[in-house]
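Right, one structure below, let's go through it.
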Amino acid sequence: MINREEPSDLTNAKALIEEHAIPLVEISKRTGIGLPTIKTYRANPDKLATASWKNVHELSKLAVNFYLQQEVGFEKSMNFRNELPEWFSDIKSKYSQDKEMQDFISELEYLIIRDPLLVARLADKFGE
């Protein structure tokens, strides 16, 4: 479903639209996008390339949530996410004398924690 190589809102939205396991009515209901628009996207997924950013973003969010629930398990992802601050804190403590490395680790932590799909992928590989 979700493109594991180069995720983006557009690729995620397209994957969701092409996923026939989710009824169009459900996609419309959960994203707030009108059913006729969803039907148009399903008939021609390339139309997403010229769709509004809001629609693409809403479809992408739903795709990520669907991925979390179906592929990884929402609970596993959330447990892993909750463990990340302690994990990053441990790494930072190993570099307590290196301000540059600590800044790098902090930026990496920020990027990972704010991306639920990345957290899910990491949880899938490294979570318990």
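Residues are referred to by chain and number: the chain letter is A, B, ... according to the order shown in the structure tokens, the number counts from 1 in that chain, and ligands are numbered separately from 1 in the order shown.
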
(message) Just want the 9 Å neighbourhood of A:Glu58, counted on only C-alpha atoms, with same-chain residues fewer than 5 positions away dropped. Output as a PyMOL selection string.
(response) chain A and resi 9+13+30-33+53+63

Using all heavy atoms, can you write the selected residues to a file as a PDB file, in the first residue's frame?
ATOM      1  N   ASP A   9       3.208  12.868   0.692  1.00  0.00           N
ATOM      2  CA  ASP A   9       1.756  12.963   0.764  1.00  0.00           C
ATOM      3  C   ASP A   9       1.119  12.477  -0.534  1.00  0.00           C
ATOM      4  O   ASP A   9       0.119  11.767  -0.510  1.00  0.00           O
ATOM      5  CB  ASP A   9       1.326  14.403   1.060  1.00  0.00           C
ATOM      6  CG  ASP A   9       1.449  14.761   2.537  1.00  0.00           C
ATOM      7  OD1 ASP A   9       1.681  13.859   3.358  1.00  0.00           O
ATOM      8  OD2 ASP A   9       1.297  15.947   2.871  1.00  0.00           O
ATOM      9  N   ALA A  13      -1.306   9.310  -0.747  1.00  0.00           N
ATOM     10  CA  ALA A  13      -2.693   9.543  -1.165  1.00  0.00           C
ATOM     11  C   ALA A  13      -3.049   8.632  -2.335  1.00  0.00           C
ATOM     12  O   ALA A  13      -4.126   8.031  -2.366  1.00  0.00           O
ATOM     13  CB  ALA A  13      -2.888  11.009  -1.542  1.00  0.00           C
ATOM     14  N   ARG A  30     -14.086   9.737   6.306  1.00  0.00           N
ATOM     15  CA  ARG A  30     -12.946   9.945   7.206  1.00  0.00           C
ATOM     16  C   ARG A  30     -12.057  11.114   6.808  1.00  0.00           C
ATOM     17  O   ARG A  30     -11.306  11.625   7.641  1.00  0.00           O
ATOM     18  CB  ARG A  30     -12.138   8.661   7.323  1.00  0.00           C
ATOM     19  CG  ARG A  30     -12.957   7.600   8.077  1.00  0.00           C
ATOM     20  CD  ARG A  30     -12.253   6.309   8.284  1.00  0.00           C
ATOM     21  NE  ARG A  30     -11.073   6.463   9.108  1.00  0.00           N
ATOM     22  CZ  ARG A  30     -10.239   5.463   9.374  1.00  0.00           C
ATOM     23  NH1 ARG A  30     -10.460   4.273   8.870  1.00  0.00           N
ATOM     24  NH2 ARG A  30      -9.178   5.662  10.108  1.00  0.00           N
ATOM     25  N   THR A  31     -12.138  11.546   5.545  1.00  0.00           N
ATOM     26  CA  THR A  31     -11.300  12.669   5.106  1.00  0.00           C
ATOM     27  C   THR A  31     -12.074  13.971   4.965  1.00  0.00           C
ATOM     28  O   THR A  31     -11.475  15.040   4.918  1.00  0.00           O
ATOM     29  CB  THR A  31     -10.641  12.379   3.745  1.00  0.00           C
ATOM     30  OG1 THR A  31     -11.660  12.185   2.760  1.00  0.00           O
ATOM     31  CG2 THR A  31      -9.718  11.179   3.824  1.00  0.00           C
ATOM     32  N   GLY A  32     -13.401  13.873   4.861  1.00  0.00           N
ATOM     33  CA  GLY A  32     -14.205  15.076   4.640  1.00  0.00           C
ATOM     34  C   GLY A  32     -14.216  15.516   3.176  1.00  0.00           C
ATOM     35  O   GLY A  32     -14.735  16.584   2.850  1.00  0.00           O
ATOM     36  N   ILE A  33     -13.672  14.706   2.303  1.00  0.00           N
ATOM     37  CA  ILE A  33     -13.660  15.005   0.870  1.00  0.00           C
ATOM     38  C   ILE A  33     -14.925  14.397   0.267  1.00  0.00           C
ATOM     39  O   ILE A  33     -15.256  13.239   0.541  1.00  0.00           O
ATOM     40  CB  ILE A  33     -12.401  14.416   0.193  1.00  0.00           C
ATOM     41  CG1 ILE A  33     -11.133  14.989   0.830  1.00  0.00           C
ATOM     42  CG2 ILE A  33     -12.423  14.688  -1.311  1.00  0.00           C
ATOM     43  CD1 ILE A  33      -9.859  14.276   0.415  1.00  0.00           C
ATOM     44  N   TRP A  53      -3.815  20.742  -2.141  1.00  0.00           N
ATOM     45  CA  TRP A  53      -2.895  20.192  -1.141  1.00  0.00           C
ATOM     46  C   TRP A  53      -3.688  19.630   0.029  1.00  0.00           C
ATOM     47  O   TRP A  53      -3.348  18.581   0.570  1.00  0.00           O
ATOM     48  CB  TRP A  53      -1.924  21.269  -0.654  1.00  0.00           C
ATOM     49  CG  TRP A  53      -1.018  20.742   0.410  1.00  0.00           C
ATOM     50  CD1 TRP A  53       0.140  20.071   0.234  1.00  0.00           C
ATOM     51  CD2 TRP A  53      -1.239  20.792   1.831  1.00  0.00           C
ATOM     52  NE1 TRP A  53       0.676  19.699   1.452  1.00  0.00           N
ATOM     53  CE2 TRP A  53      -0.155  20.137   2.449  1.00  0.00           C
ATOM     54  CE3 TRP A  53      -2.238  21.322   2.637  1.00  0.00           C
ATOM     55  CZ2 TRP A  53      -0.052  20.003   3.820  1.00  0.00           C
ATOM     56  CZ3 TRP A  53      -2.135  21.186   4.011  1.00  0.00           C
ATOM     57  CH2 TRP A  53      -1.042  20.531   4.581  1.00  0.00           C
ATOM     58  N   ALA A  63      -4.065   7.331   4.822  1.00  0.00           N
ATOM     59  CA  ALA A  63      -3.207   6.233   4.367  1.00  0.00           C
ATOM     60  C   ALA A  63      -2.235   5.816   5.464  1.00  0.00           C
ATOM     61  O   ALA A  63      -2.034   4.623   5.717  1.00  0.00           O
ATOM     62  CB  ALA A  63      -2.447   6.644   3.110  1.00  0.00           C
TER      63      ALA A  63
END

(request) Can you check which residues of chain A DSSP gives as alpha helix (DSSP H) on the backbone and send them as a ChimeraX atom specification? (result) /A:9-18,24-31,35-43,53-67,74-94,99-113,116-126

(message) From the options A:Lys76, A:His57, A:Lys94, A:Lys99, which residue's atoms come nearest to A:Lys125, counting only C-alpha atoms?
(response) A:Lys76

(request) Could you give me, as a list in words, the residues within 12 Å of A:Ile91, counting only C-alpha atoms and dropping anything in the same chain fewer than 4 positions from it? (result) Leu84, Pro85, Glu86, Trp87, Tyr95, Ser96, Asp98, Met101, Gln102, Asp103, Phe104, Ile105, Ser106, Leu108 and Glu109 of chain A

Do a neighbour search on A:Tyr41 at 7 Å with only C-alpha atoms, toss out local chain neighbours closer than 6 positions, and write the hits as a tab-separated table (two decimals) with C-alpha atoms, in the first residue's frame.
chain	number	residue	atom	x	y	z
A	17	ILE	CA	-7.04	5.75	-3.54
A	47	LYS	CA	-5.65	13.60	-10.97
A	48	LEU	CA	-4.20	13.73	-7.46

(message) Would you compute the distance between atom CA of A:Val25 and atom CA of A:Val64? Give it in Å to one decimal.
(response)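 Computing it gives 18.1 Å between the two atoms.
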
(request) Could you tell me how far atom CA of A:Arg42 lies from atom CA of A:Lys61, in Å and to one decimal? (result)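 So the two atoms, atom CA of A:Arg42 and atom CA of A:Lys61, lie 17.0 Å apart.
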
(message) Residues within 12 Å of A:Phe66, please, as number ranges by chain. Count only C-alpha atoms; anything in the same chain fewer than 2 positions from it doesn't count.
(response) A: 1-2, 12-13, 15-17, 19, 21-22, 26-27, 30, 59-64, 68-74, 116-117, 120

(request) Between atom CA of A:Ile113 and atom CA of A:Ser52, measure the distance and give it in Å to one decimal. (result)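 So the answer is 26.3 Å.
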
(request) Write out as a list in words each polymer residue whose atoms come within 8 Å of A:Gly127, counting only C-alpha atoms; drop sequence neighbours fewer than 3 positions from it. (result)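 Skipping anything fewer than 3 positions along the chain leaves Lys76, Ser77, Phe80, Leu122, Ala123 and Asp124 of chain A.
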